[in-house]
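What follows is a single structure, written as structure tokens, with notes after it.
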Amino acid sequence: MRRPRRLTGGLVLASAIALALPVAAGSAPEPPARPGDGEIQTQRDRVGDRADRVGELTQRLAESETRLTELGAQVELAMEDANKARVDLARAERARSRAEQLAAGANGQAGAAANEVERQRARLDEFAAGSYRQGSKLGSLTAYVGASGPDDLLDRAELLDTVGRSQLDVLDDLERAHIDRVNKDSLARKALRDAAESRAAAAAAQERAEAAENAAVAARAAQAGRAAGIEAERDGVQAELSDARAAVQGLESQRDRYEEWLEASQAAQAAQDQAAASESVGQGSVVPDDDPGPVTGSTEAVIQRALSQLGMPYAWGGGDADGPTRGIRDGGVADSHGDYRKIGFDCSGLMIYAFAAAGVELDHYSGYQYQSGTQVPLSSMQRGDMLFWRSGGRVHHVALYLGGGQMVEAPYSGSQVRVAPVRYSGIAPYAVRVL
């Protein structure tokens, strides 16, 4: 329902007179210029051209940013490969250290066994020599001379036979022990060689992983440069588009001002005519108003431990079972963000710290963490499960599922530990349930 609005008749008259007087006096201002339709259309065509170019560049930028995201995933994957190589090298070094200890122990046992054999052999020689000096040489008739009778003779033979066999049995046992120790020493040395070879292979793998990471970082940096170039070009064309739109608006506003001037001039003339025909004006009139009227305890412990680190800086290589640690150099993205100067977590380091609340030990490598528990389909994931992201079939990121489509993660260099919606692009097909 429209409500009537009363306007003061004097106000209407004053407005009419204000417009009418210059006309009556013959001093009306010059009308504003009226842009032609062709001029306006030219500017509209320019707007269309720039808009098309902006759309093209926006599409190219979206494709470039998609590629940049893919390269970012490859960088994360390469960084995780470097993590894996670092863990594998540490394992190989520990294995070599154990092999060296075993080899040293086996060598010592073999030497001790050889010394004991020589000692027993000397005792046997001394026994034989003593028997010879006393006229009881083993295997000699003199050992039986002087026997008082057949019984004494048999007793001497039995005694000498027993002593001889006892000494020989001891010697045989020692020889066998010596051979056993030598065999163990040989096996220990082989294990030492194998451990050294494994350590060398792990070191070579670390070099390859670091080289691959550097290549991935360089590729991402190059793509970022291309994306920045496209974005700068798009922004330039966007500015031209804004200028063209402003020009069209200016011309249209100028034409509108001309139309308003013309309408006002006509209204003023009509008011002047009305004033001349009437000696008085009523008090007012009524015009219409167009305006309308008036999870388990251990699982929760893991989750709460992870959530306690919200806002903690991301630091590549950072984090252990006791909390955040200083990050390490990667020669690329992490270094550019100063991760090696920060105290914080990377994605797998945050999982190590969280699950330590339940007494679970995890390796500092998301690929191994993906194998650390029971893999369940994403459709069955529960609060406290780990979620993983892959590129080319290999894991490069991990987060902890909170339920309700939310997760806690240490996302990337330059960021902080945060809660975010689960990202399904690139997610691995299984969640991992440790508890």
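Each chain in the structure tokens gets a letter, A, B, ..., in the order shown, and its residues are numbered from 1; ligands are numbered from 1 in order too.
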
Residues of segment 276-390 of chain A classed as helix (DSSP H, G or I) by DSSP on the backbone are to be reported as number ranges by chain. A: 276-277, 297-307, 333-336, 339-341, 347-358, 366-369, 378-380

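By chain and then residue number, the residues within 8 Å of Phe355 of chain A are A:Val302, A:Ala321, A:Val360, A:Glu361, A:Leu362, counting only C-alpha atoms and disregarding those fewer than 5 positions away in sequence.
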
Which is closer to Leu57 of chain A than all the others in A:Glu233, A:Asp385, A:Glu409, A:Glu80, using only C-alpha atoms? A:Glu233

Could you write out, as a list in words, all the residues of segment 192-398 of chain A that DSSP marks as strand (DSSP E or B)?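 The strand (DSSP E or B) subset of segment 192-398 of chain A is Gly284, Ser285, Val286, Val287, Pro288, Pro313, Tyr314, Asp320, Gly323, Thr325, Arg326, Ile343, Gly344, Phe345, Thr374, Gln375, Val376, Pro377, Met386, Leu387, Phe388, Trp389, Arg390, Ser391, Arg394, Val395, His396, His397 and Val398 of chain A.
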
How many Å lie between atom CA of Arg67 of chain A and atom CA of Ala428 of chain A, rounded to one decimal?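 Atom CA of Arg67 of chain A sits 19.7 Å away from atom CA of Ala428 of chain A.
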
Near Ser97 of chain A, within 12 Å and counting only C-alpha atoms, which residues show up once chain neighbours fewer than 3 positions away are dropped, as a count of residues only? 18
